[in-house]
There are 2 protein chains.
Amino acid sequence: MTTLAEVALRAGVTPATVSNVLRKRGKVGAATRQRVLDAVEFLGYRPHLTARALAEGSAPTLALMVTSIANPFYPEFALAAERAARKNGRFLIVCNTNEDPVISRAYLDQIAGTLSEGVLVMNSRIGFDDLHTTRARGTPVVLCMWERPDVSPGLPCVAVDFFAAGALAAQHLLDLGHTRIGAIIGSQPEGVQAARYAGFCHTLKAAGVAHPAQEARFTRDAVQGGYEAACELLTEHTDLTAIFATNDLPALGAMHAAADRGMRIPDDLSVIGITDIQLARESRPGLSTVAVPTDAAATMAVELLEALIESGGHCETPMRIAPEPVLVQRASTGRVRS
Amino acid sequence: MTTLAEVALRAGVTPATVSNVLRKRGKVGAATRQRVLDAVEFLGYRPHLTARALAEGSAPTLALMVTSIANPFYPEFALAAERAARKNGRFLIVCNTNEDPVISRAYLDQIAGTLSEGVLVMNSRIGFDDLHTTRARGTPVVLCMWERPDVSPGLPCVAVDFFAAGALAAQHLLDLGHTRIGAIIGSQPEGVQAARYAGFCHTLKAAGVAHPAQEARFTRDAVQGGYEAACELLTEHTDLTAIFATNDLPALGAMHAAADRGMRIPDDLSVIGITDIQLARESRPGLSTVAVPTDAAATMAVELLEALIESGGHCETPMRIAPEPVLVQRASTGRVRS
């Protein structure tokens, strides 16, 4: 590999001067600068590509903005997105917004279009106005897992049919004979997990199974949120035989709540989630869930973003639909107790 | 907030020209360029800071390189590091190396010193040569959780006394009466978790408790790695009453292995890990562990890196020692079975 010293030798300058030219620091005359850049080019010195990309404002990175990197789903998605980005030599940088709109805005202002050629947005609490502003400045934005394939968000997106996911989970519990089913929703009623709950309710209603509002809890999308919600549900409605959670983390919390009350899963209580994160496979008992196409959605989001970058922001199909969710039955669901 | 259009109006150019100047794209005459930059400055247009920072090669970001973002410890560390970085207005971008030295090198070449002012390195399989090269090019590097406070890595670092962590875990099991203890190490014998295992062995030896080599397994730092190792240990050594794992993930796998064999925890088997990740608190039973100072180490690493950035790479105390690990007893450890 060519070294900085070899570039300096060829250009007849000090290594510090080469560094200054590449990083645009210090004062270097135009002729010297050109000599350094020629030597860099001739020797194929590596940082050159980056230096040029930066000079042209097109560093080869994509930014992935996530709400909370502590939620284990996001790292799984990030891994898949990174693999897709690397195919075309791009890097993925992960920006954690901590659910803070101010931090989100700052990332967009600081990174979009400068450090990164494009932005993937994952369930972030970023205002759509901010995303439109970023787009208007010429940086493509893709929403990664838009929850409503039937409604355009007004931005390029990859949509996942989460309504169908909720419906599949409900149908699975109905097939096992459950009719007394509590629900834990990992967002507020109008939040990002509303479509999943709507699919669940729709399927129960179509089957003529009652689901009173007091048997649902809206909570944080976390193990502890699910734990607390399940404790309430199991205390107040002792005849529940199953719990549906709109995400795997609260579903795992519901399993812990049942275990702490001495309930056996699935003999005393069936539990099902949505997503199929690694923890769902690794928990004991294994968590039944509706798997969403994380890898496929990540790949499609990167491909859509790259298409937008290449085309200057134009795209004929700004919404791409990810493959359908599928039921994954494990040990946490069983026939209703008699 | 000032808009691009207002800048364009004041400079007497089109918004596209303002954008070209800020992103250094297209051909813009020097006088026009200056007029645009003056307008940007006068109106306090936001992207200006970034544009200038980029022009000066000092974008306000730090890069955190992690081996595998899918390991839940790294997001926890990243959150803490981000909080610390944000205090001084810097952003943290997370780069996942996937344990691949080639990707690691590419990140260093592409990002260090250009996109990022400094690099935090976490347990990555990056060759030290590559890190020294990065440093030599003028970009400070800090190793985040160096495992040996007694030995300098030759690079600025925050050290955590993992030998002490292993010793604490061993002492806890000894205090509960265990003398037949299997060990699961989440790395190879010379790998990053060797110091933890050395502390464990040292404490057992000091207490006169035998620990034959065949009662240890070196495996992947993952739930599944611990699961498989524990299955082997519990099959081959049926008199083991406790398992020590050098990390929480394999410890959780050991708990699953015991559960799958119908063993009760802690009545039939005690299990202890190291780190105290969120999953340790959320598992059932809760995992006893030795907590390492994740938040403190992350904060110290960012502060050290920022000190190096401010000082041009010089620092009087290139190794900083994080607070001591502490035992956290939960429900997975108990008195030895009689």
# chains A, B, ... in the order shown; residues from 1 in each chain; ligands from 1
>>> residues_around(residues="Glu76 in chain B", least_positions_apart="4", cutoff="7 Å", atoms="only C-alpha atoms", output="ChimeraX atom specification")
/A:70 /B:72,80
>>> residues_around(residues="Asp267 in chain A", least_positions_apart="5", cutoff="10 Å", atoms="only C-alpha atoms", output="list in words")
Thr241, Ser332, Thr333, Gly334, Arg335, Val336, Arg337 and Ser338 of chain A
>>> closest_residue(among="B:Ala198, B:Leu120, B:Ala245, B:Ala259", to="chain A", atoms="only C-alpha atoms")
B:Ala259
>>> residues_around(residues="Arg217 in chain A", least_positions_apart="5", cutoff="9 Å", atoms="only C-alpha atoms", output="ChimeraX atom specification")
/A:182-186,226,229-230,232-233
>>> atom_distance(atom1="CA of Val158 in chain B", atom2="CA of Met319 in chain B")
5.7 Å
>>> closest_residue(among="B:Glu310, B:Asp175, B:Asp38, B:Glu282", to="chain A", atoms="only C-alpha atoms")
B:Glu282
>>> closest_residue(among="A:Pro212, A:Gly89, A:Pro140, A:Pro325", to="chain B", atoms="only C-alpha atoms")
A:Gly89
>>> residues_around(residues="range 291-301 of chain A", least_positions_apart="3", cutoff="6 Å", atoms="only C-alpha atoms", output="MDAnalysis selection string")
chainID A and resid 80:81 84 144 158 275:276 304 322 325:326
>>> atom_distance(atom1="CA of Ile277 in chain A", atom2="CA of Gly286 in chain B")
20.6 Å
>>> closest_residue(among="A:Phe77, A:Phe42, A:Tyr107, A:Phe162", to="Ala63 in chain A", atoms="only C-alpha atoms")
A:Tyr107
>>> atom_distance(atom1="CA of Ser288 in chain B", atom2="CA of Ala331 in chain B")
6.5 Å
>>> select_by_dssp(residues="range 65-196 of chain A", states="helix (DSSP H, G or I)", output="ChimeraX atom specification")
/A:73-87,101-111,128-136,162-175,194-196
>>> write_last_selection(atoms="C-alpha atoms", output="PDB file, in the first residue's frame")
ATOM      1  CA  PHE A  73     -34.420  -4.532  16.387  1.00  0.00           C
ATOM      2  CA  TYR A  74     -32.480  -1.551  15.062  1.00  0.00           C
ATOM      3  CA  PRO A  75     -29.034  -3.129  15.177  1.00  0.00           C
ATOM      4  CA  GLU A  76     -30.443  -6.123  13.275  1.00  0.00           C
ATOM      5  CA  PHE A  77     -31.857  -3.786  10.645  1.00  0.00           C
ATOM      6  CA  ALA A  78     -28.629  -1.769  10.589  1.00  0.00           C
ATOM      7  CA  LEU A  79     -26.578  -4.905   9.923  1.00  0.00           C
ATOM      8  CA  ALA A  80     -28.731  -5.777   6.920  1.00  0.00           C
ATOM      9  CA  ALA A  81     -28.672  -2.209   5.603  1.00  0.00           C
ATOM     10  CA  GLU A  82     -24.921  -2.088   5.988  1.00  0.00           C
ATOM     11  CA  ARG A  83     -24.461  -5.274   3.989  1.00  0.00           C
ATOM     12  CA  ALA A  84     -26.578  -3.777   1.205  1.00  0.00           C
ATOM     13  CA  ALA A  85     -24.710  -0.458   1.269  1.00  0.00           C
ATOM     14  CA  ARG A  86     -21.316  -2.148   1.179  1.00  0.00           C
ATOM     15  CA  LYS A  87     -22.243  -3.836  -2.126  1.00  0.00           C
ATOM     16  CA  PRO A 101     -36.765  15.849  17.534  1.00  0.00           C
ATOM     17  CA  VAL A 102     -34.051  18.419  18.235  1.00  0.00           C
ATOM     18  CA  ILE A 103     -31.277  15.840  17.925  1.00  0.00           C
ATOM     19  CA  SER A 104     -32.964  14.483  14.802  1.00  0.00           C
ATOM     20  CA  ARG A 105     -33.021  17.911  13.232  1.00  0.00           C
ATOM     21  CA  ALA A 106     -29.411  18.521  14.156  1.00  0.00           C
ATOM     22  CA  TYR A 107     -28.351  15.249  12.517  1.00  0.00           C
ATOM     23  CA  LEU A 108     -30.232  16.167   9.372  1.00  0.00           C
ATOM     24  CA  ASP A 109     -28.694  19.630   9.270  1.00  0.00           C
ATOM     25  CA  GLN A 110     -25.197  18.447  10.014  1.00  0.00           C
ATOM     26  CA  ILE A 111     -24.944  15.174   8.167  1.00  0.00           C
ATOM     27  CA  PHE A 128     -41.993  15.100   8.239  1.00  0.00           C
ATOM     28  CA  ASP A 129     -41.392  18.828   7.730  1.00  0.00           C
ATOM     29  CA  ASP A 130     -37.743  18.303   8.611  1.00  0.00           C
ATOM     30  CA  LEU A 131     -37.476  15.418   6.179  1.00  0.00           C
ATOM     31  CA  HIS A 132     -39.065  17.477   3.407  1.00  0.00           C
ATOM     32  CA  THR A 133     -36.601  20.265   4.130  1.00  0.00           C
ATOM     33  CA  THR A 134     -33.720  17.813   3.812  1.00  0.00           C
ATOM     34  CA  ARG A 135     -35.115  16.554   0.509  1.00  0.00           C
ATOM     35  CA  ALA A 136     -35.624  20.077  -0.776  1.00  0.00           C
ATOM     36  CA  PHE A 162     -48.054  -4.490   9.576  1.00  0.00           C
ATOM     37  CA  PHE A 163     -51.842  -4.637   9.451  1.00  0.00           C
ATOM     38  CA  ALA A 164     -51.419  -8.106   7.936  1.00  0.00           C
ATOM     39  CA  ALA A 165     -48.920  -8.990  10.658  1.00  0.00           C
ATOM     40  CA  GLY A 166     -51.437  -8.142  13.374  1.00  0.00           C
ATOM     41  CA  ALA A 167     -54.114 -10.080  11.511  1.00  0.00           C
ATOM     42  CA  LEU A 168     -51.884 -13.166  11.239  1.00  0.00           C
ATOM     43  CA  ALA A 169     -51.160 -13.115  14.963  1.00  0.00           C
ATOM     44  CA  ALA A 170     -54.875 -12.843  15.776  1.00  0.00           C
ATOM     45  CA  GLN A 171     -55.781 -15.643  13.366  1.00  0.00           C
ATOM     46  CA  HIS A 172     -53.151 -17.908  14.923  1.00  0.00           C
ATOM     47  CA  LEU A 173     -54.613 -17.403  18.399  1.00  0.00           C
ATOM     48  CA  LEU A 174     -58.148 -17.930  17.085  1.00  0.00           C
ATOM     49  CA  ASP A 175     -57.040 -21.142  15.357  1.00  0.00           C
ATOM     50  CA  ALA A 194     -51.393   1.310  15.460  1.00  0.00           C
ATOM     51  CA  ALA A 195     -51.653  -0.566  12.141  1.00  0.00           C
ATOM     52  CA  ARG A 196     -50.609  -3.832  13.803  1.00  0.00           C
TER      53      ARG A 196
END
>>> closest_residue(among="A:Ile243, A:Leu279, A:Leu327, A:Leu249", to="Gln224 in chain B", atoms="only C-alpha atoms")
A:Leu279
>>> residues_around(residues="Met65 in chain B", least_positions_apart="3", cutoff="10 Å", atoms="only C-alpha atoms", output="compact mmCIF listing (two decimals) with all heavy atoms, in the first residue's frame")
# COMPACT_ATOMS: atom_id res chain seq x y z
N LEU B 62 -17.52 12.25 16.09
CA LEU B 62 -16.60 11.21 16.52
C LEU B 62 -17.13 9.90 15.94
O LEU B 62 -18.33 9.71 15.82
CB LEU B 62 -16.58 11.11 18.05
CG LEU B 62 -16.31 12.40 18.82
CD1 LEU B 62 -16.37 12.13 20.33
CD2 LEU B 62 -14.96 12.99 18.43
N SER B 68 -19.41 -5.72 16.48
CA SER B 68 -20.68 -6.27 16.03
C SER B 68 -21.81 -5.53 16.72
O SER B 68 -22.05 -5.71 17.90
CB SER B 68 -20.78 -7.75 16.37
OG SER B 68 -22.11 -8.18 16.22
N ILE B 69 -22.49 -4.72 15.95
CA ILE B 69 -23.56 -3.92 16.53
C ILE B 69 -24.70 -4.81 17.01
O ILE B 69 -25.57 -4.38 17.76
CB ILE B 69 -24.04 -2.88 15.51
CG1 ILE B 69 -24.75 -1.74 16.21
CG2 ILE B 69 -24.91 -3.50 14.44
CD1 ILE B 69 -25.12 -0.60 15.31
N TYR B 74 -22.87 -3.25 22.82
CA TYR B 74 -22.34 -2.11 22.07
C TYR B 74 -23.34 -0.97 21.95
O TYR B 74 -22.96 0.20 22.14
CB TYR B 74 -21.80 -2.56 20.71
CG TYR B 74 -20.65 -3.52 20.87
CD1 TYR B 74 -20.64 -4.75 20.26
CD2 TYR B 74 -19.57 -3.19 21.68
CE1 TYR B 74 -19.58 -5.64 20.44
CE2 TYR B 74 -18.51 -4.06 21.87
CZ TYR B 74 -18.52 -5.28 21.24
OH TYR B 74 -17.48 -6.14 21.43
N ALA B 78 -22.69 2.68 23.14
CA ALA B 78 -22.84 3.77 22.16
C ALA B 78 -23.75 4.87 22.68
O ALA B 78 -23.48 6.06 22.49
CB ALA B 78 -23.38 3.22 20.83
N ILE B 93 -21.01 8.86 15.29
CA ILE B 93 -21.48 7.96 14.25
C ILE B 93 -20.92 6.58 14.55
O ILE B 93 -19.79 6.43 15.02
CB ILE B 93 -21.10 8.45 12.84
CG1 ILE B 93 -19.61 8.55 12.66
CG2 ILE B 93 -21.76 9.79 12.54
CD1 ILE B 93 -19.20 9.04 11.29
N VAL B 94 -21.76 5.60 14.36
CA VAL B 94 -21.40 4.23 14.74
C VAL B 94 -21.02 3.46 13.48
O VAL B 94 -21.76 3.43 12.50
CB VAL B 94 -22.57 3.53 15.45
CG1 VAL B 94 -22.18 2.11 15.84
CG2 VAL B 94 -22.99 4.32 16.68
N CYS B 95 -19.85 2.87 13.49
CA CYS B 95 -19.36 2.10 12.35
C CYS B 95 -19.21 0.65 12.79
O CYS B 95 -18.49 0.36 13.74
CB CYS B 95 -18.01 2.62 11.87
SG CYS B 95 -18.04 4.38 11.48
N ASN B 96 -19.88 -0.23 12.11
CA ASN B 96 -19.89 -1.63 12.49
C ASN B 96 -18.87 -2.38 11.63
O ASN B 96 -18.99 -2.41 10.42
CB ASN B 96 -21.30 -2.18 12.24
CG ASN B 96 -21.40 -3.64 12.56
OD1 ASN B 96 -21.00 -4.06 13.64
ND2 ASN B 96 -21.93 -4.41 11.64
N THR B 97 -17.88 -2.99 12.26
CA THR B 97 -16.82 -3.62 11.46
C THR B 97 -17.10 -5.08 11.16
O THR B 97 -16.39 -5.69 10.37
CB THR B 97 -15.47 -3.56 12.19
OG1 THR B 97 -15.53 -4.39 13.35
CG2 THR B 97 -15.14 -2.13 12.61
N ASN B 98 -18.15 -5.64 11.78
CA ASN B 98 -18.46 -7.05 11.53
C ASN B 98 -17.26 -7.98 11.72
O ASN B 98 -17.14 -8.99 11.02
CB ASN B 98 -18.98 -7.24 10.11
CG ASN B 98 -20.49 -7.23 10.07
OD1 ASN B 98 -21.12 -7.42 11.10
ND2 ASN B 98 -21.05 -7.02 8.91
N SER B 104 -12.73 -2.78 8.69
CA SER B 104 -12.18 -1.88 9.70
C SER B 104 -11.20 -0.89 9.06
O SER B 104 -11.26 0.32 9.31
CB SER B 104 -11.42 -2.67 10.77
OG SER B 104 -12.24 -3.66 11.33
N TYR B 107 -12.96 1.70 6.95
CA TYR B 107 -13.57 2.76 7.76
C TYR B 107 -12.51 3.77 8.20
O TYR B 107 -12.70 4.97 8.13
CB TYR B 107 -14.25 2.18 9.01
CG TYR B 107 -15.71 1.86 8.81
CD1 TYR B 107 -16.19 0.59 9.05
CD2 TYR B 107 -16.61 2.83 8.41
CE1 TYR B 107 -17.54 0.28 8.88
CE2 TYR B 107 -17.96 2.54 8.24
CZ TYR B 107 -18.41 1.25 8.47
OH TYR B 107 -19.74 0.96 8.31
N LEU B 108 -11.39 3.24 8.68
CA LEU B 108 -10.34 4.14 9.14
C LEU B 108 -9.86 5.03 7.99
O LEU B 108 -9.70 6.24 8.15
CB LEU B 108 -9.16 3.34 9.72
CG LEU B 108 -9.42 2.70 11.08
CD1 LEU B 108 -8.27 1.79 11.47
CD2 LEU B 108 -9.62 3.78 12.16
N VAL B 119 -11.46 8.79 16.67
CA VAL B 119 -12.03 7.45 16.57
C VAL B 119 -11.99 6.75 17.92
O VAL B 119 -10.94 6.68 18.56
CB VAL B 119 -11.26 6.60 15.54
CG1 VAL B 119 -11.87 5.21 15.42
CG2 VAL B 119 -11.23 7.28 14.18
N LEU B 120 -13.15 6.25 18.35
CA LEU B 120 -13.23 5.37 19.52
C LEU B 120 -13.26 3.94 18.99
O LEU B 120 -14.05 3.63 18.10
CB LEU B 120 -14.51 5.65 20.31
CG LEU B 120 -14.70 7.07 20.85
CD1 LEU B 120 -16.14 7.25 21.32
CD2 LEU B 120 -13.74 7.33 21.99
N VAL B 121 -12.43 3.09 19.55
CA VAL B 121 -12.37 1.72 19.07
C VAL B 121 -12.78 0.78 20.20
O VAL B 121 -12.23 0.83 21.30
CB VAL B 121 -10.95 1.36 18.60
CG1 VAL B 121 -10.89 -0.12 18.18
CG2 VAL B 121 -10.55 2.24 17.43
N MET B 122 -13.78 -0.03 19.91
CA MET B 122 -14.32 -0.93 20.92
C MET B 122 -14.09 -2.37 20.53
O MET B 122 -14.71 -2.86 19.57
CB MET B 122 -15.82 -0.64 21.04
CG MET B 122 -16.58 -1.64 21.86
SD MET B 122 -15.96 -1.72 23.53
CE MET B 122 -16.82 -0.33 24.24
N ASN B 123 -13.16 -3.02 21.21
CA ASN B 123 -12.99 -4.47 21.06
C ASN B 123 -12.96 -4.94 19.62
O ASN B 123 -13.35 -6.06 19.32
CB ASN B 123 -14.19 -5.19 21.68
CG ASN B 123 -13.91 -5.60 23.09
OD1 ASN B 123 -12.84 -5.31 23.59
ND2 ASN B 123 -14.86 -6.27 23.71
N SER B 124 -12.59 -4.06 18.76
CA SER B 124 -12.67 -4.38 17.33
C SER B 124 -11.47 -5.24 16.94
O SER B 124 -10.44 -5.19 17.59
CB SER B 124 -12.69 -3.08 16.57
OG SER B 124 -12.78 -3.31 15.22
N ARG B 125 -11.62 -6.04 15.91
CA ARG B 125 -10.46 -6.82 15.48
C ARG B 125 -9.59 -6.02 14.53
O ARG B 125 -9.12 -6.50 13.51
CB ARG B 125 -10.92 -8.09 14.77
CG ARG B 125 -11.69 -8.98 15.68
CD ARG B 125 -11.42 -10.44 15.45
NE ARG B 125 -12.24 -11.20 16.37
CZ ARG B 125 -12.78 -12.36 16.09
NH1 ARG B 125 -12.56 -12.92 14.91
NH2 ARG B 125 -13.53 -13.00 16.97
N ILE B 126 -9.43 -4.75 14.84
CA ILE B 126 -8.59 -3.91 14.00
C ILE B 126 -7.15 -4.13 14.42
O ILE B 126 -6.84 -4.16 15.61
CB ILE B 126 -8.94 -2.42 14.22
CG1 ILE B 126 -10.43 -2.21 14.01
CG2 ILE B 126 -8.13 -1.54 13.30
CD1 ILE B 126 -10.89 -0.84 14.40
N LEU B 143 -8.77 3.52 22.56
CA LEU B 143 -9.35 2.20 22.82
C LEU B 143 -10.30 2.34 24.00
O LEU B 143 -9.93 2.88 25.04
CB LEU B 143 -8.25 1.18 23.16
CG LEU B 143 -7.17 0.95 22.11
CD1 LEU B 143 -6.19 -0.12 22.61
CD2 LEU B 143 -7.78 0.51 20.79
N CYS B 144 -11.52 1.83 23.85
CA CYS B 144 -12.56 2.16 24.82
C CYS B 144 -12.57 1.32 26.09
O CYS B 144 -12.88 1.82 27.16
CB CYS B 144 -13.91 2.04 24.18
SG CYS B 144 -14.22 3.38 23.05
>>> decode(residues="range 108-118 of chain B", atoms="all heavy atoms", output="PDB file, in the first residue's frame")
ATOM      1  N   LEU B 108     -11.390   3.242   8.675  1.00  0.00           N
ATOM      2  CA  LEU B 108     -10.339   4.145   9.137  1.00  0.00           C
ATOM      3  C   LEU B 108      -9.864   5.035   7.988  1.00  0.00           C
ATOM      4  O   LEU B 108      -9.700   6.238   8.148  1.00  0.00           O
ATOM      5  CB  LEU B 108      -9.164   3.342   9.717  1.00  0.00           C
ATOM      6  CG  LEU B 108      -9.424   2.701  11.082  1.00  0.00           C
ATOM      7  CD1 LEU B 108      -8.267   1.794  11.472  1.00  0.00           C
ATOM      8  CD2 LEU B 108      -9.618   3.780  12.162  1.00  0.00           C
ATOM      9  N   ASP B 109      -9.655   4.439   6.818  1.00  0.00           N
ATOM     10  CA  ASP B 109      -9.173   5.223   5.685  1.00  0.00           C
ATOM     11  C   ASP B 109     -10.190   6.260   5.235  1.00  0.00           C
ATOM     12  O   ASP B 109      -9.843   7.365   4.828  1.00  0.00           O
ATOM     13  CB  ASP B 109      -8.856   4.297   4.498  1.00  0.00           C
ATOM     14  CG  ASP B 109      -7.519   3.589   4.681  1.00  0.00           C
ATOM     15  OD1 ASP B 109      -6.805   3.926   5.644  1.00  0.00           O
ATOM     16  OD2 ASP B 109      -7.202   2.716   3.872  1.00  0.00           O
ATOM     17  N   GLN B 110     -11.457   5.867   5.270  1.00  0.00           N
ATOM     18  CA  GLN B 110     -12.481   6.725   4.682  1.00  0.00           C
ATOM     19  C   GLN B 110     -13.011   7.763   5.652  1.00  0.00           C
ATOM     20  O   GLN B 110     -13.441   8.835   5.242  1.00  0.00           O
ATOM     21  CB  GLN B 110     -13.673   5.862   4.224  1.00  0.00           C
ATOM     22  CG  GLN B 110     -13.326   4.850   3.160  1.00  0.00           C
ATOM     23  CD  GLN B 110     -13.524   5.399   1.755  1.00  0.00           C
ATOM     24  OE1 GLN B 110     -14.266   6.348   1.563  1.00  0.00           O
ATOM     25  NE2 GLN B 110     -12.854   4.834   0.788  1.00  0.00           N
ATOM     26  N   ILE B 111     -13.027   7.427   6.911  1.00  0.00           N
ATOM     27  CA  ILE B 111     -13.748   8.275   7.862  1.00  0.00           C
ATOM     28  C   ILE B 111     -12.835   9.028   8.815  1.00  0.00           C
ATOM     29  O   ILE B 111     -13.062  10.194   9.092  1.00  0.00           O
ATOM     30  CB  ILE B 111     -14.779   7.410   8.634  1.00  0.00           C
ATOM     31  CG1 ILE B 111     -15.923   7.076   7.682  1.00  0.00           C
ATOM     32  CG2 ILE B 111     -15.290   8.121   9.868  1.00  0.00           C
ATOM     33  CD1 ILE B 111     -17.006   6.234   8.278  1.00  0.00           C
ATOM     34  N   ALA B 112     -11.794   8.357   9.274  1.00  0.00           N
ATOM     35  CA  ALA B 112     -10.943   8.991  10.276  1.00  0.00           C
ATOM     36  C   ALA B 112     -10.250  10.211   9.684  1.00  0.00           C
ATOM     37  O   ALA B 112      -9.599  10.127   8.645  1.00  0.00           O
ATOM     38  CB  ALA B 112      -9.911   7.994  10.794  1.00  0.00           C
ATOM     39  N   GLY B 113     -10.405  11.332  10.353  1.00  0.00           N
ATOM     40  CA  GLY B 113      -9.713  12.538   9.924  1.00  0.00           C
ATOM     41  C   GLY B 113     -10.436  13.287   8.829  1.00  0.00           C
ATOM     42  O   GLY B 113     -10.085  14.421   8.518  1.00  0.00           O
ATOM     43  N   THR B 114     -11.408  12.662   8.211  1.00  0.00           N
ATOM     44  CA  THR B 114     -12.180  13.379   7.203  1.00  0.00           C
ATOM     45  C   THR B 114     -13.587  13.583   7.751  1.00  0.00           C
ATOM     46  O   THR B 114     -13.945  14.664   8.161  1.00  0.00           O
ATOM     47  CB  THR B 114     -12.210  12.597   5.877  1.00  0.00           C
ATOM     48  OG1 THR B 114     -12.634  11.267   6.128  1.00  0.00           O
ATOM     49  CG2 THR B 114     -10.828  12.575   5.256  1.00  0.00           C
ATOM     50  N   LEU B 115     -14.350  12.511   7.800  1.00  0.00           N
ATOM     51  CA  LEU B 115     -15.689  12.650   8.367  1.00  0.00           C
ATOM     52  C   LEU B 115     -15.618  12.869   9.869  1.00  0.00           C
ATOM     53  O   LEU B 115     -16.459  13.559  10.434  1.00  0.00           O
ATOM     54  CB  LEU B 115     -16.544  11.408   8.072  1.00  0.00           C
ATOM     55  CG  LEU B 115     -16.779  11.033   6.617  1.00  0.00           C
ATOM     56  CD1 LEU B 115     -17.913  10.029   6.523  1.00  0.00           C
ATOM     57  CD2 LEU B 115     -17.088  12.235   5.758  1.00  0.00           C
ATOM     58  N   SER B 116     -14.670  12.240  10.521  1.00  0.00           N
ATOM     59  CA  SER B 116     -14.631  12.290  11.982  1.00  0.00           C
ATOM     60  C   SER B 116     -13.310  12.834  12.495  1.00  0.00           C
ATOM     61  O   SER B 116     -12.253  12.549  11.945  1.00  0.00           O
ATOM     62  CB  SER B 116     -14.857  10.890  12.561  1.00  0.00           C
ATOM     63  OG  SER B 116     -16.165  10.477  12.302  1.00  0.00           O
ATOM     64  N   GLU B 117     -13.416  13.587  13.573  1.00  0.00           N
ATOM     65  CA  GLU B 117     -12.225  14.176  14.174  1.00  0.00           C
ATOM     66  C   GLU B 117     -11.411  13.177  14.971  1.00  0.00           C
ATOM     67  O   GLU B 117     -10.243  13.408  15.251  1.00  0.00           O
ATOM     68  CB  GLU B 117     -12.633  15.279  15.131  1.00  0.00           C
ATOM     69  CG  GLU B 117     -13.223  16.486  14.486  1.00  0.00           C
ATOM     70  CD  GLU B 117     -13.673  17.457  15.566  1.00  0.00           C
ATOM     71  OE1 GLU B 117     -14.663  17.167  16.256  1.00  0.00           O
ATOM     72  OE2 GLU B 117     -13.008  18.483  15.722  1.00  0.00           O
ATOM     73  N   GLY B 118     -12.077  12.109  15.396  1.00  0.00           N
ATOM     74  CA  GLY B 118     -11.391  11.141  16.236  1.00  0.00           C
ATOM     75  C   GLY B 118     -12.137   9.826  16.217  1.00  0.00           C
ATOM     76  O   GLY B 118     -13.290   9.772  15.793  1.00  0.00           O
TER      77      GLY B 118
END
